[in-house]
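The file protein-v2.cif comes next; it holds mmCIF, C-alpha atoms and all ligand atoms.
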data_run
#
loop_
_atom_site.label_atom_id
_atom_site.label_comp_id
_atom_site.auth_asym_id
_atom_site.auth_seq_id
_atom_site.Cartn_x
_atom_site.Cartn_y
_atom_site.Cartn_z
CA MET X 7 66.06 85.16 18.92
CA LEU X 8 65.33 84.45 15.30
CA THR X 9 67.05 86.15 12.45
CA SER X 10 65.83 87.06 9.02
CA ARG X 11 68.30 85.46 6.72
CA LEU X 12 66.43 84.88 3.50
CA THR X 13 66.78 88.51 2.51
CA HIS X 14 70.57 88.10 2.81
CA HIS X 15 70.63 84.76 1.05
CA PRO X 16 71.86 84.59 -2.56
CA ALA X 17 68.68 84.21 -4.62
CA ASN X 18 70.20 81.57 -6.87
CA GLN X 19 71.39 79.13 -4.21
CA ALA X 20 69.64 76.35 -2.37
CA ILE X 21 69.63 76.45 1.41
CA ARG X 22 70.69 73.01 2.63
CA LEU X 23 70.10 71.89 6.20
CA ARG X 24 71.73 68.71 7.52
CA ASN X 25 69.18 68.29 10.27
CA VAL X 26 69.25 65.06 12.27
CA VAL X 27 65.59 65.15 13.32
CA CYS X 28 62.73 65.30 10.82
CA ALA X 29 61.87 68.94 10.12
CA TYR X 30 58.18 68.05 10.05
CA CYS X 31 57.48 65.50 12.80
CA GLY X 32 60.66 65.73 14.88
CA CYS X 33 61.46 62.01 14.78
CA GLU X 34 65.11 60.94 14.90
CA LEU X 35 66.55 60.41 11.43
CA ASN X 36 68.82 57.55 10.48
CA ALA X 37 70.14 55.96 7.29
CA GLN X 38 66.91 54.00 6.88
CA ASN X 39 64.26 56.71 7.24
CA SER X 40 66.04 59.92 6.19
CA THR X 41 65.17 61.50 2.84
CA LYS X 42 66.24 64.68 1.09
CA GLU X 43 63.24 66.97 1.02
CA HIS X 44 62.57 70.11 -1.03
CA VAL X 45 60.30 72.38 1.00
CA VAL X 46 59.08 74.01 -2.21
CA GLY X 47 58.29 70.80 -4.07
CA ARG X 48 59.99 70.56 -7.45
CA ARG X 49 56.80 69.19 -8.92
CA PHE X 50 54.62 71.63 -6.97
CA VAL X 51 55.57 74.58 -9.21
CA PRO X 52 55.79 74.30 -13.01
CA LYS X 53 58.69 72.18 -14.20
CA GLY X 54 62.06 73.92 -14.28
CA LYS X 55 60.86 77.05 -12.50
CA LEU X 56 63.15 76.36 -9.54
CA ASN X 57 66.24 75.95 -11.73
CA GLY X 58 68.76 78.57 -10.69
CA HIS X 59 66.55 79.89 -7.88
CA TRP X 60 66.62 79.33 -4.14
CA ASN X 61 64.85 76.48 -2.42
CA LEU X 62 65.01 75.14 1.11
CA ILE X 63 66.35 71.60 1.14
CA LEU X 64 66.43 69.66 4.38
CA ASN X 65 66.05 66.17 5.79
CA ALA X 66 62.68 64.64 6.54
CA CYS X 67 61.55 61.15 7.39
CA GLY X 68 60.18 59.09 4.52
CA THR X 69 56.68 59.09 5.97
CA CYS X 70 56.47 62.90 6.13
CA ASN X 71 58.11 63.25 2.72
CA ASN X 72 55.51 60.95 1.13
CA ARG X 73 52.64 62.59 2.93
CA LYS X 74 53.76 66.02 1.74
CA ALA X 75 54.21 64.80 -1.85
CA ASP X 76 50.67 63.44 -1.73
CA LEU X 77 49.34 66.83 -0.56
CA GLU X 78 51.32 68.61 -3.29
CA ASN X 79 49.92 66.40 -6.05
CA ASP X 80 46.33 67.62 -6.44
CA ILE X 81 46.98 71.05 -4.87
CA SER X 82 49.60 71.77 -7.53
CA ALA X 83 47.28 70.57 -10.30
CA ILE X 84 44.43 72.76 -9.06
CA THR X 85 46.47 75.89 -8.33
CA LEU X 86 47.91 75.69 -11.84
CA GLN X 87 44.41 76.02 -13.32
CA PRO X 88 43.54 79.67 -13.78
CA GLN X 89 40.15 80.55 -12.38
CA HIS X 90 37.80 83.11 -13.92
CA GLY X 91 40.50 83.95 -16.46
CA GLU X 92 42.83 85.18 -13.70
CA ALA X 93 46.32 83.76 -13.94
CA HIS X 94 49.82 84.52 -12.83
CA PRO X 95 51.35 87.14 -15.16
CA ASP X 96 54.22 84.76 -15.96
CA TYR X 97 51.96 81.84 -16.75
CA ASP X 98 53.64 80.79 -19.98
CA ASP X 99 52.73 78.21 -22.64
CA ALA X 100 54.86 75.45 -21.09
CA SER X 101 53.18 75.99 -17.72
CA LYS X 102 49.77 75.91 -19.37
CA GLU X 103 50.60 72.64 -21.09
CA GLU X 104 51.84 71.18 -17.81
CA ALA X 105 48.67 72.40 -16.09
CA ARG X 106 46.60 70.54 -18.69
CA ARG X 107 48.63 67.36 -18.16
CA LYS X 108 48.34 67.54 -14.39
CA ALA X 109 44.61 68.24 -14.61
CA ALA X 110 44.25 64.95 -16.48
CA SER X 111 46.44 62.89 -14.16
CA ALA X 112 45.95 64.28 -10.65
CA ILE X 113 42.90 63.17 -8.75
CA SER X 114 40.94 65.78 -6.84
CA ARG X 115 40.61 64.58 -3.26
CA ARG X 116 37.28 66.39 -3.06
CA THR X 117 35.56 64.81 -6.06
CA LYS X 118 37.67 61.61 -6.41
CA LYS X 119 37.83 62.42 -10.13
CA PRO X 120 40.66 63.86 -12.25
CA VAL X 121 41.06 67.58 -11.62
CA LYS X 122 39.92 68.35 -15.19
CA ASP X 123 36.56 66.69 -14.44
CA SER X 124 36.22 68.24 -11.01
CA HIS X 125 34.17 71.31 -11.76
CA GLU X 126 31.56 71.23 -9.05
CA SER X 127 27.97 72.12 -9.63
CA MET X 128 25.76 73.12 -6.82
CA LYS X 129 22.05 73.69 -6.75
CA LEU X 130 20.72 76.03 -4.17
CA SER X 131 17.00 76.28 -3.61
CA LEU X 132 15.85 79.00 -1.32
CA PRO X 133 12.31 79.18 -0.09
CA PHE X 134 10.91 82.68 -0.29
CA GLY X 135 7.58 83.35 1.28
CA GLN X 136 4.66 81.14 0.48
CA ASN X 137 4.70 78.91 -2.59
CA ARG X 138 7.64 80.75 -4.00
CA GLY X 139 11.18 79.62 -4.37
CA VAL X 140 14.34 80.67 -6.09
CA ASN X 141 16.80 78.25 -7.65
CA PHE X 142 20.41 78.95 -8.38
CA ASP X 143 22.87 76.82 -10.27
CA PHE X 144 26.55 77.33 -9.62
CA ILE X 145 29.38 75.75 -11.52
CA SER X 146 32.64 76.23 -9.73
CA PRO X 147 36.14 75.46 -11.02
CA PRO X 148 38.04 72.62 -9.31
CA GLN X 149 38.39 73.45 -5.64
CA ILE X 150 41.25 72.76 -3.26
CA ASP X 151 40.36 70.78 -0.19
CA GLU X 152 41.01 73.46 2.42
CA ARG X 153 42.02 71.08 5.17
CA ARG X 154 44.70 69.56 2.93
CA ALA X 155 45.92 73.00 1.81
CA PHE X 156 46.37 74.18 5.39
CA GLU X 157 48.17 70.95 6.26
CA LEU X 158 50.59 71.49 3.36
CA ALA X 159 51.08 75.09 4.49
CA ARG X 160 51.82 73.86 8.03
CA LEU X 161 54.52 71.51 6.73
CA GLN X 162 56.12 74.26 4.65
CA LEU X 163 56.04 76.61 7.65
CA SER X 164 57.68 73.90 9.78
CA GLY X 165 60.47 73.68 7.22
CA PHE X 166 61.05 77.44 7.21
CA PHE X 167 60.85 77.64 10.99
CA ASN X 168 63.43 74.88 11.28
CA TRP X 169 65.69 76.96 9.10
CA ILE X 170 65.39 80.25 11.00
CA THR X 171 65.83 78.47 14.35
CA TYR X 172 68.57 76.16 13.12
CA GLN X 173 71.26 75.34 15.68
CA GLN X 174 74.51 74.44 13.94
CA ASP X 175 75.98 72.76 17.03
CA GLU X 176 72.95 70.50 17.43
CA ASN X 177 72.26 70.03 13.71
CA ARG X 178 68.62 70.69 14.16
CA GLY X 179 65.96 73.38 14.01
CA TYR X 180 62.87 74.06 16.05
CA TRP X 181 59.19 74.88 15.70
CA TRP X 182 57.17 77.85 16.88
CA THR X 183 55.75 77.79 20.36
CA GLY X 184 51.98 77.70 20.60
CA GLY X 185 49.37 76.85 18.02
CA TYR X 186 48.80 76.85 14.29
CA HIS X 187 46.04 79.26 13.32
CA PRO X 188 45.15 79.23 9.62
CA LEU X 189 42.93 82.18 8.74
CA MET X 190 41.99 82.05 5.09
CA MET X 191 42.73 80.62 1.67
CA VAL X 192 41.66 82.65 -1.36
CA ARG X 193 42.04 82.35 -5.10
CA ARG X 194 43.58 85.12 -7.19
CA ALA X 195 40.24 86.65 -8.21
CA ASP X 196 39.57 87.41 -4.53
CA TYR X 197 42.98 88.69 -3.34
CA GLY X 198 41.37 92.07 -2.61
CA ASN X 199 38.82 90.83 -0.10
CA LYS X 200 38.69 92.96 3.03
CA ILE X 201 39.98 90.32 5.45
CA LEU X 202 43.09 89.70 3.35
CA VAL X 203 43.74 93.41 2.79
CA ASP X 204 43.25 94.19 6.50
CA PHE X 205 45.54 91.28 7.40
CA ALA X 206 48.30 92.60 5.11
CA ASN X 207 48.00 96.13 6.54
CA THR X 208 47.90 94.92 10.16
CA VAL X 209 51.09 92.88 9.99
CA LEU X 210 52.99 95.19 7.64
CA ASN X 211 55.07 96.71 10.45
CA TRP X 212 55.97 93.32 11.94
CA GLU X 213 59.55 92.41 11.17
CA PRO X 214 59.84 89.70 8.50
CA ARG X 215 61.73 86.60 9.64
CA VAL X 216 61.32 84.97 6.26
CA LEU X 217 60.36 86.88 3.15
CA GLY X 218 61.09 85.47 -0.24
CA HIS X 219 59.92 84.69 -3.73
CA THR X 220 61.25 81.86 -5.80
CA ALA X 221 60.40 79.63 -8.78
CA GLU X 222 60.09 82.73 -10.98
CA GLY X 223 57.29 84.06 -8.81
CA PHE X 224 55.38 80.78 -8.58
CA TYR X 225 56.13 80.54 -4.86
CA SER X 226 56.16 83.25 -2.20
CA ILE X 227 56.45 83.04 1.57
CA CYS X 228 56.42 85.58 4.36
CA ILE X 229 56.67 84.99 8.12
CA ARG X 230 56.59 88.09 10.31
CA ARG X 231 57.13 88.40 14.03
CA HIS X 232 54.73 90.33 16.26
CA PRO X 233 56.64 93.27 17.84
CA ASN X 234 56.11 92.09 21.43
CA ALA X 235 54.12 88.85 21.57
CA GLU X 236 54.97 85.21 20.87
CA CYS X 237 52.98 85.42 17.68
CA TRP X 238 53.89 85.29 14.01
CA SER X 239 51.88 86.06 10.91
CA TRP X 240 52.40 84.00 7.81
CA ALA X 241 51.39 84.25 4.18
CA MET X 242 52.17 82.24 1.11
CA GLU X 243 51.23 82.24 -2.52
CA TRP X 244 51.15 79.08 -4.58
CA ASN X 245 51.52 79.08 -8.35
CA GLY X 246 50.35 82.66 -8.55
CA SER X 247 46.77 81.59 -8.02
CA ALA X 248 46.11 80.92 -4.34
CA ARG X 249 47.07 82.73 -1.16
CA LEU X 250 46.96 81.31 2.33
CA VAL X 251 47.38 83.39 5.45
CA GLY X 252 47.27 82.87 9.18
CA PHE X 253 49.09 83.11 12.46
CA LEU X 254 51.36 80.96 14.58
CA GLY X 255 51.92 81.01 18.30
CA ASP X 256 49.85 82.77 20.95
CA GLY X 257 46.23 81.93 20.13
CA ALA X 258 44.74 84.76 22.20
CA VAL X 259 46.81 87.34 20.32
CA ALA X 260 45.91 85.78 16.96
CA LYS X 261 42.22 85.69 17.87
CA ALA X 262 42.15 89.31 19.02
CA ILE X 263 43.72 90.46 15.74
CA THR X 264 41.46 88.23 13.66
CA GLU X 265 38.41 89.86 15.21
CA THR X 266 39.53 93.26 13.89
CA LEU X 267 39.74 92.05 10.25
CA GLY X 268 36.97 92.50 7.71
CA PRO X 269 34.07 92.09 7.54
CA LEU X 270 33.68 90.82 4.00
CA ARG X 271 31.34 92.91 1.93
CA MET X 272 28.08 91.27 1.03
CA ASP X 273 26.03 92.17 -2.03
CA GLN X 274 22.34 91.84 -2.38
CA ILE X 275 20.02 91.12 -5.26
CA GLU X 276 16.45 92.27 -4.88
CA LEU X 277 13.97 89.72 -6.12
CA GLY X 278 10.89 91.88 -5.75
CA ASN X 279 8.18 91.68 -3.11
CA GLY X 280 10.80 92.44 -0.49
CA ASP X 281 12.69 89.20 -1.12
CA PHE X 282 16.40 89.29 -1.69
CA VAL X 283 19.46 87.11 -1.97
CA ARG X 284 22.68 87.99 -0.25
CA PHE X 285 25.98 86.82 -1.66
CA ARG X 286 29.62 87.74 -1.59
CA ALA X 287 31.34 88.83 -4.79
CA GLU X 288 35.06 88.25 -5.20
CA VAL X 289 37.20 91.37 -4.97
CA SER X 290 40.29 91.62 -7.15
CA LEU X 291 43.43 93.42 -6.03
CA ALA X 292 45.36 95.96 -8.07
CA PRO X 293 49.12 95.22 -8.05
CA GLU X 294 49.89 98.67 -6.61
CA ASP X 295 47.64 97.91 -3.61
CA ASP X 296 49.28 94.55 -2.92
CA ARG X 297 51.14 94.74 0.40
CA LEU X 298 51.11 91.13 1.60
CA PHE X 299 54.74 90.44 0.69
CA GLU X 300 56.01 93.99 1.06
CA PRO X 301 59.46 94.32 2.71
CA TRP X 302 59.79 95.86 6.12
CA SER X 303 59.96 99.61 5.92
CA LYS X 304 61.37 100.30 9.40
ZN ZN B 1 58.70 63.07 9.82
#

Do you think you could lay out the structure here as structure tokens?
Ligand SMILES: [Zn+2]
Amino acid sequence: MLTSRLTHHPANQAIRLRNVVCAYCGCELNAQNSTKEHVVGRRFVPKGKLNGHWNLILNACGTCNNRKADLENDISAITLQPQHGEAHPDYDDASKEEARRKAASAISRRTKKPVKDSHESMKLSLPFGQNRGVNFDFISPPQIDERRAFELARLQLSGFFNWITYQQDENRGYWWTGGYHPLMMVRRADYGNKILVDFANTVLNWEPRVLGHTAEGFYSICIRRHPNAECWSWAMEWNGSARLVGFLGDGAVAKAITETLGPLRMDQIELGNGDFVRFRAEVSLAPEDDRLFEPWSK
């Protein structure tokens, strides 16, 4: 039985686990390979934002620690860049300056160029009927490599799961049973898309096992337990600009729920002569409609 302890934890204190197996890969730790690991990376959020606020600190092997730091590098730089003018409300001048610095130094793993030079352009040519075509040019802001983002999320979830399952007598925590089922990553401008809103409403009455905000709102995490299945929902927000959601555990349960979410609304532009282009517009979310990190109301 897991317990929800973050809500009872003093918001200004670090949680320190003295685990003897790596919280990420489960290998045995010793004096040679053990490192002190901050689950919310100190350089992942803007500098100083974790000062005086909770973080989860545990032991991890050097290999996992390095791998996680590498994932955090470009993902932090990209999530600190506001997209379409949408930024975290507390995105202050120092954070903006740091975002500019990171954009110059961090390399996008998608483009192999610095994040600041990683705007991606895409040409889309669609054939319409005979001898007619339509061309579109898109310029998109720097994009996070989704596979890397979900791997970083998995490591963070492992850390939090180790904490809520921590056995003092064994000096170790455990992982969830079953699979890892990432569902979606969206940027702030699209927080209101139907899948994300449906997800938040569906899991709202599941009891939170972990629910917390730290780093002055630049990091949020929520893990909720399905009322009667070995299944958990999870959600996190990084640097106020990206949300990732998914499930853990019983894949059949996760799949059945996933099939009830959405669909995403498609828009259509008529081009004349019966031709049209379908596309999906981003949907913003009003703060009063935001339920993803809402506390349990039962
Ligand atoms: Zn490890």

Under the rule of at most 10 Å, produce a per-residue listing of chain X near ligand ZN 1 (chain B): chain, number, name, the closest pair of atoms, and the distance in Å, as a Markdown table, using all atoms listed in the file.
| residue | atom | partner | partner_atom | distance |
| --- | --- | --- | --- | --- |
| X:Val27 | CA | B:ZN1 | ZN | 8.0 |
| X:Cys28 | CA | B:ZN1 | ZN | 4.7 |
| X:Ala29 | CA | B:ZN1 | ZN | 6.7 |
| X:Tyr30 | CA | B:ZN1 | ZN | 5.0 |
| X:Cys31 | CA | B:ZN1 | ZN | 4.0 |
| X:Gly32 | CA | B:ZN1 | ZN | 6.0 |
| X:Cys33 | CA | B:ZN1 | ZN | 5.8 |
| X:Glu34 | CA | B:ZN1 | ZN | 8.5 |
| X:Leu35 | CA | B:ZN1 | ZN | 8.4 |
| X:Asn39 | CA | B:ZN1 | ZN | 8.8 |
| X:Ser40 | CA | B:ZN1 | ZN | 8.8 |
| X:Thr41 | CA | B:ZN1 | ZN | 9.6 |
| X:Asn65 | CA | B:ZN1 | ZN | 8.9 |
| X:Ala66 | CA | B:ZN1 | ZN | 5.4 |
| X:Cys67 | CA | B:ZN1 | ZN | 4.2 |
| X:Gly68 | CA | B:ZN1 | ZN | 6.8 |
| X:Thr69 | CA | B:ZN1 | ZN | 5.9 |
| X:Cys70 | CA | B:ZN1 | ZN | 4.3 |
| X:Asn71 | CA | B:ZN1 | ZN | 7.1 |
| X:Asn72 | CA | B:ZN1 | ZN | 9.5 |
| X:Arg73 | CA | B:ZN1 | ZN | 9.2 |
| X:Lys74 | CA | B:ZN1 | ZN | 9.9 |
| X:Leu161 | CA | B:ZN1 | ZN | 9.9 |

Counting all atoms listed in the file, which residues sit no farther than 7 Å from the position (53.6, 90.2, 9.2) in the file's frame? I'd like them as a ChimeraX atom specification. /X:209-214,229-231,238-240

Between atom CA of X:Leu64 and atom CA of X:Phe166 - distance in Å to one decimal: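 Straight-line distance from atom CA of X:Phe166 to atom CA of X:Leu64 works out to 9.9 Å.
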
Go ahead and compute the interatomic distance for atom CA of X:Ser82 and atom CA of X:Gly179, in Å to one decimal.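 One can read the atom CA of X:Ser82 to atom CA of X:Gly179 distance as 27.1 Å.
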
Once you count all atoms listed in the file, which residues end up no further than 12 Å from (47.9, 98.5, 12.5) in the file's frame, shown as a ChimeraX atom specification? /X:203-212,232-233,263,266-267

Point-to-point distance from atom CA of X:Pro88 to atom CA of X:Ser247, Å rounded to tenths: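 We find that atom CA of X:Pro88 and atom CA of X:Ser247 lie 6.9 Å from each other.
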
Which residues of stretch 130-234 of chain X sit at most 8 Å from stretch 278-300 of chain X, using only C-alpha atoms? Give each one's shortest atom pair and distance in Å (one decimal place), in chain and ascending residue order, as a tab-separated table.
residue	atom	partner	partner_atom	distance
X:Phe134	CA	X:Asp281	CA	6.8
X:Arg194	CA	X:Ser290	CA	7.3
X:Ala195	CA	X:Ser290	CA	5.1
X:Asp196	CA	X:Val289	CA	4.6
X:Tyr197	CA	X:Leu291	CA	5.5
X:Gly198	CA	X:Leu291	CA	4.2
X:Asn199	CA	X:Val289	CA	5.2
X:Val203	CA	X:Leu298	CA	7.8
X:Ala206	CA	X:Leu298	CA	4.7
X:Asn207	CA	X:Arg297	CA	7.0
X:Leu210	CA	X:Glu300	CA	7.3
X:Leu217	CA	X:Phe299	CA	7.1
X:Ser226	CA	X:Phe299	CA	7.9
X:Ile227	CA	X:Phe299	CA	7.6
X:Cys228	CA	X:Phe299	CA	6.3

Given the choices X:Glu222, X:Glu92, X:Glu157, X:Glu104, which gets closest to X:Leu250 if the distance is worked out from all atoms listed in the file? X:Glu157

Identify which of the residues X:Gly184, X:Gly218, X:Pro147, X:Gly252 lies closest to X:His59, counting all atoms listed in the file when measuring atom-to-atom distances.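 Of X:Gly184, X:Gly218, X:Pro147, X:Gly252, the one nearest X:His59 is X:Gly218, counting all atoms listed in the file.
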
Output requested as an mmCIF file, keeping the file's coordinate frame - stretch 151-169 of chain X, filled out with N, CA and C atoms.
data_model
loop_
_atom_site.group_PDB
_atom_site.id
_atom_site.type_symbol
_atom_site.label_atom_id
_atom_site.label_comp_id
_atom_site.auth_asym_id
_atom_site.auth_seq_id
_atom_site.Cartn_x
_atom_site.Cartn_y
_atom_site.Cartn_z
ATOM 1 N N ASP X 151 40.843 71.195 -1.506
ATOM 2 C CA ASP X 151 40.360 70.780 -0.190
ATOM 3 C C ASP X 151 41.112 71.633 0.841
ATOM 4 N N GLU X 152 40.376 72.468 1.548
ATOM 5 C CA GLU X 152 41.010 73.460 2.420
ATOM 6 C C GLU X 152 41.831 72.825 3.545
ATOM 7 N N ARG X 153 41.326 71.744 4.078
ATOM 8 C CA ARG X 153 42.020 71.080 5.170
ATOM 9 C C ARG X 153 43.401 70.591 4.709
ATOM 10 N N ARG X 154 43.423 70.033 3.498
ATOM 11 C CA ARG X 154 44.700 69.560 2.930
ATOM 12 C C ARG X 154 45.627 70.741 2.650
ATOM 13 N N ALA X 155 45.081 71.829 2.130
ATOM 14 C CA ALA X 155 45.920 73.000 1.810
ATOM 15 C C ALA X 155 46.572 73.537 3.081
ATOM 16 N N PHE X 156 45.799 73.639 4.160
ATOM 17 C CA PHE X 156 46.370 74.180 5.390
ATOM 18 C C PHE X 156 47.363 73.193 6.029
ATOM 19 N N GLU X 157 47.190 71.912 5.768
ATOM 20 C CA GLU X 157 48.170 70.950 6.260
ATOM 21 C C GLU X 157 49.488 71.081 5.477
ATOM 22 N N LEU X 158 49.378 71.266 4.159
ATOM 23 C CA LEU X 158 50.590 71.490 3.360
ATOM 24 C C LEU X 158 51.283 72.780 3.795
ATOM 25 N N ALA X 159 50.498 73.816 4.029
ATOM 26 C CA ALA X 159 51.080 75.090 4.490
ATOM 27 C C ALA X 159 51.800 74.881 5.827
ATOM 28 N N ARG X 160 51.202 74.103 6.715
ATOM 29 C CA ARG X 160 51.820 73.860 8.030
ATOM 30 C C ARG X 160 53.176 73.164 7.869
ATOM 31 N N LEU X 161 53.249 72.204 6.945
ATOM 32 C CA LEU X 161 54.520 71.510 6.730
ATOM 33 C C LEU X 161 55.567 72.481 6.174
ATOM 34 N N GLN X 162 55.169 73.297 5.203
ATOM 35 C CA GLN X 162 56.120 74.260 4.650
ATOM 36 C C GLN X 162 56.588 75.239 5.726
ATOM 37 N N LEU X 163 55.663 75.697 6.562
ATOM 38 C CA LEU X 163 56.040 76.610 7.650
ATOM 39 C C LEU X 163 56.993 75.934 8.628
ATOM 40 N N SER X 164 56.762 74.648 8.906
ATOM 41 C CA SER X 164 57.680 73.900 9.780
ATOM 42 C C SER X 164 59.077 73.898 9.190
ATOM 43 N N GLY X 165 59.170 73.677 7.888
ATOM 44 C CA GLY X 165 60.470 73.680 7.220
ATOM 45 C C GLY X 165 61.165 75.023 7.377
ATOM 46 N N PHE X 166 60.431 76.118 7.110
ATOM 47 C CA PHE X 166 61.050 77.440 7.210
ATOM 48 C C PHE X 166 61.391 77.790 8.656
ATOM 49 N N PHE X 167 60.551 77.360 9.587
ATOM 50 C CA PHE X 167 60.850 77.640 10.990
ATOM 51 C C PHE X 167 62.086 76.868 11.449
ATOM 52 N N ASN X 168 62.234 75.645 10.961
ATOM 53 C CA ASN X 168 63.430 74.880 11.280
ATOM 54 C C ASN X 168 64.682 75.594 10.783
ATOM 55 N N TRP X 169 64.537 76.238 9.650
ATOM 56 C CA TRP X 169 65.690 76.960 9.100
ATOM 57 C C TRP X 169 66.038 78.186 9.940
#
